[in-house]
Amino acid sequence: AVASVALLYTHPFGALLWGSVVLTAVVLAMLGRGGAYRRLILWQMLAFVGFLPWAYVLFGRAALIAERGFWIPPVTPQNLYTYIRDLVNGDAMLGIMLPSVLVALLWPHDCSSKPASGADGLDGTARLLLLAWLIGPLVLGLALSVAMQPLLIARYLLVSLPAVVLLAAMGLSHMMITRGLRASLFVAATGLTVVSMYTVPQQKREDWRGAAAHL
């Protein structure tokens with residue numbers, strides 16, 4: 001509950017992430033998937049109570065943004081792709097992250113082949129929570145951008161980066177069936193990481209020091 005309160009106070013997209021995960025837990029609890037989700041919901045209600053003072057301020061600012069507009073540009077397919085690419089640090093990393101995430105989400109739970117670490121892998125309900133963590137802020141941010149004002153930019157999606165990394169790591173571990181494949185994936189991941197460090201375009205920063213010196 002304390003971690004959830006910290007998340008809710010961190011950024012409005014933290015609230016979108018919290019809502020996505022809690023809503024998924026509610027659906028799973030209604031489907032009778034275990035008492036753990038009911039306990040999770042009860043703890044999150046405490047977090048919501050702790051968030052209420054800031055929620056009043058946040059909704060007031062949201063109403064002001066809806067009335068006056070905001071500086072964020074409208075969402076287009078091109079800049080949406082750019083946001084996702086920037087989240088994982090370039091096209092090269094996206095090329096390895098995306099297949100790995102898909103493998104983690106689609107890997108059969110009862111498959112006889114296990115990850116190299118020997119872990120049992122994610123079951124269906126855990127994968128649903130990670131999926132909500134992964135796409136919830138993006139989907140809700142996109143919906144709010146269409147319904148109200150553009151609110152979605154690349155750095156706001158950082159709340160989903162832990163889910164990207166967790167799912168990508170799980171997908172890679174599932175694919176490491178043989179020693180040769182492990183070595184190949186390690187070399188590929190390392191090479192793409194190095195390549196992305198030198199190929200991702202660096203955004204031009206404003207020269208605030210120069211402006212201050214001029215004044």
# chains A, B, ... in the order shown; residues from 1 in each chain; ligands from 1
>>> residues_around(residues="region 160-169 of chain A", least_positions_apart="5", cutoff="8 Å", atoms="only C-alpha atoms", output="MDAnalysis selection string")
chainID A and resid 17 87:88 97:101 104:105 130:131 133:135 137
>>> closest_residue(among="A:Leu16, A:Ala183, A:Ala36, A:Val57", to="Leu142 (chain A)", atoms="only C-alpha atoms")
A:Leu16
>>> closest_residue(among="A:Met93, A:Leu181, A:Leu102, A:Val2", to="Met45 (chain A)", atoms="only C-alpha atoms")
A:Val2
>>> residues_around(residues="region 22-27 of chain A", least_positions_apart="4", cutoff="12 Å", atoms="only C-alpha atoms", output="ChimeraX atom specification")
/A:1,4,15-18,31-45,47-48,125-133,135-136
